[in-house]
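Beneath this line is the structure, given in structure tokens, with notes to follow.
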Amino acid sequence: MKIRLNLVGYEKLPSTPVIIASKHQSAWETVVLFAFLAKPTVILKRELLWIPLFGFYIQRLGMITVARSKEQSSEDFRQFLKDAEAAVHAGHQIFIFPEGTRSQPGCPGTYRSGVGSLYTHLKIPVIPVALNSGVFWPRRGFLKKPGTLTLEFLDPIQPGLPRREFMRTLEEEIESHSNALLPQGVQKNGEK
């Protein structure tokens with residue numbers, strides 16, 4: 001079984017700090033995407049710190065953790081923005097999954113407000129990322145399917161949009177391009 005990679009738009013990634021906002025369909029992109037980023041600082045769910053050994057490495061690597069919105073205090077939120085700002089000043093790219101969790105191919109998740117907060121606070125471009133990894137490496141499946149996985153870096157969204165317009169633009173870009181990458185036979189609702 002072979003999963004091949006079709007990398008599109010890699011030239012759109014600048015070496016300067018940007019926010020990279022990726023579709024999240026499988027475990028594949030949590031590992032492989034970092035091979036293409038210069039100096040990533042990743043935004044992760046705080047509960048990942050509880051995973052033995054993995055949580056230790058997250059802390060040691062300087063990743064930024066965020067609590068679920070119902071658990072997050074205003075102080076947690078301010079620290080989240082402060083940590084992201086420090087990473088940008090150190091020349092890092094901020095990497096985030098705006099949906100917060102994996103979704104099935106063709107099924108949009110709920111885009112969380114954290115990416116909008118980063119966009120308005122940091123005032124740097126956002127590079128949306130579309131992909132179809134969930135077709136070949138399913139969310140809750142152990143077996144992988146052969147085929148060509150496409151990872152596409154899209155045109156940057158420049159700073160300055162009103163927050164709601166940014167959120168709408170980001171979701172439309174990621175979802176429309178990710179859906180366009182689905183093989184024939186995969187319906188919009190994620191079923192074959």
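Numbering starts fresh at 1 for the residues of each chain in the structure tokens, the chains themselves are lettered A, B, ... in the order given, and ligands are numbered from 1 as they appear.
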(request) Extract, using only C-alpha atoms, all DNA, RNA and protein residues at most 8 Å from Ala67 in chain A, discarding same-chain residues fewer than 5 positions from it, and format them as a list in words. (result) Lys45, Arg46, Glu47, Gln72 and Asp76 of chain A
Produce a file of the selected residues containing C-alpha atoms, as a short mmCIF file (atom, residue, chain, number, x, y, z; two decimals), in the first residue's frame.
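This is the output file again-v4.cif:
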data_model
loop_
_atom_site.label_atom_id
_atom_site.label_comp_id
_atom_site.auth_asym_id
_atom_site.auth_seq_id
_atom_site.Cartn_x
_atom_site.Cartn_y
_atom_site.Cartn_z
CA LYS A 45 -5.41 21.55 23.08
CA ARG A 46 -4.28 21.68 26.71
CA GLU A 47 -5.56 18.18 27.43
CA GLN A 72 -10.58 29.06 29.66
CA ASP A 76 -5.61 31.98 30.15
#
(message) DSSP on the backbone: which residues in chain A end up as strand (DSSP E or B)? Give the answer as number ranges by chain.
(response) A: 3-8, 19-22, 40-45, 64-66, 93-96, 126-131, 147-153, 157
Go ahead and save the residues from that selection, with C-alpha atoms, as a JSON list (two decimals), in the first residue's frame.
[["chain", "number", "residue", "atom", "x", "y", "z"],
["A", 3, "ILE", "CA", 0.23, 6.83, -0.02],
["A", 4, "ARG", "CA", 1.89, 9.39, -2.25],
["A", 5, "LEU", "CA", 2.03, 13.14, -1.57],
["A", 6, "ASN", "CA", 1.07, 15.87, -4.01],
["A", 7, "LEU", "CA", 2.38, 19.13, -2.52],
["A", 8, "VAL", "CA", 0.79, 22.26, -4.01],
["A", 19, "ILE", "CA", -0.27, 31.98, 10.87],
["A", 20, "ILE", "CA", -0.77, 28.64, 9.14],
["A", 21, "ALA", "CA", -4.37, 27.47, 9.50],
["A", 22, "SER", "CA", -4.88, 23.90, 8.32],
["A", 40, "PRO", "CA", 6.64, 26.31, 13.72],
["A", 41, "THR", "CA", 5.07, 26.99, 17.07],
["A", 42, "VAL", "CA", 1.98, 24.85, 17.35],
["A", 43, "ILE", "CA", -1.28, 25.71, 19.10],
["A", 44, "LEU", "CA", -2.54, 22.55, 20.84],
["A", 45, "LYS", "CA", -5.41, 21.55, 23.08],
["A", 64, "ILE", "CA", 1.32, 26.85, 23.04],
["A", 65, "THR", "CA", -1.54, 25.10, 24.76],
["A", 66, "VAL", "CA", -5.07, 26.41, 24.96],
["A", 93, "GLN", "CA", 5.32, 30.58, 12.28],
["A", 94, "ILE", "CA", 2.14, 29.94, 14.28],
["A", 95, "PHE", "CA", 0.44, 26.68, 13.31],
["A", 96, "ILE", "CA", -3.19, 26.03, 14.22],
["A", 126, "VAL", "CA", -2.79, 33.73, 7.48],
["A", 127, "ILE", "CA", -1.98, 30.91, 5.05],
["A", 128, "PRO", "CA", -4.95, 28.51, 4.77],
["A", 129, "VAL", "CA", -4.12, 24.85, 4.11],
["A", 130, "ALA", "CA", -6.47, 22.45, 2.32],
["A", 131, "LEU", "CA", -5.98, 18.70, 2.23],
["A", 147, "GLY", "CA", -3.72, 6.86, -3.18],
["A", 148, "THR", "CA", -2.40, 10.37, -3.64],
["A", 149, "LEU", "CA", -2.84, 12.66, -0.69],
["A", 150, "THR", "CA", -2.85, 16.35, -1.62],
["A", 151, "LEU", "CA", -1.65, 19.10, 0.69],
["A", 152, "GLU", "CA", -2.31, 22.58, -0.70],
["A", 153, "PHE", "CA", -1.03, 25.87, 0.71],
["A", 157, "ILE", "CA", -5.23, 36.22, 3.77]]
(message) as an MDAnalysis selection string, please: the residues near range 162-175 of chain A (cut-off 12 Å, only C-alpha atoms, same-chain neighbours under 6 positions excluded).
(response) chainID A and resid 19:25 97:99 103:121 123 125:132 151:156 181:182 188
(request) Have a look at CA of Arg78 in chain A and CA of Met63 in chain A and let me know their distance in Å, one decimal. (result)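 We find that CA of Arg78 in chain A and CA of Met63 in chain A lie 15.9 Å from each other.
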(request) To one decimal in Å, tell me the separation between CA of Lys2 in chain A and CA of Arg102 in chain A. (result) 22.5 Å
(message) DSSP on the backbone, helix (DSSP H, G or I) only: what residues of range 20-173 of chain A does that give? Format it as a PyMOL selection string.
(response) chain A and resi 28-36+46-50+54-60+69-71+74-89+114-122+133-136+163-173
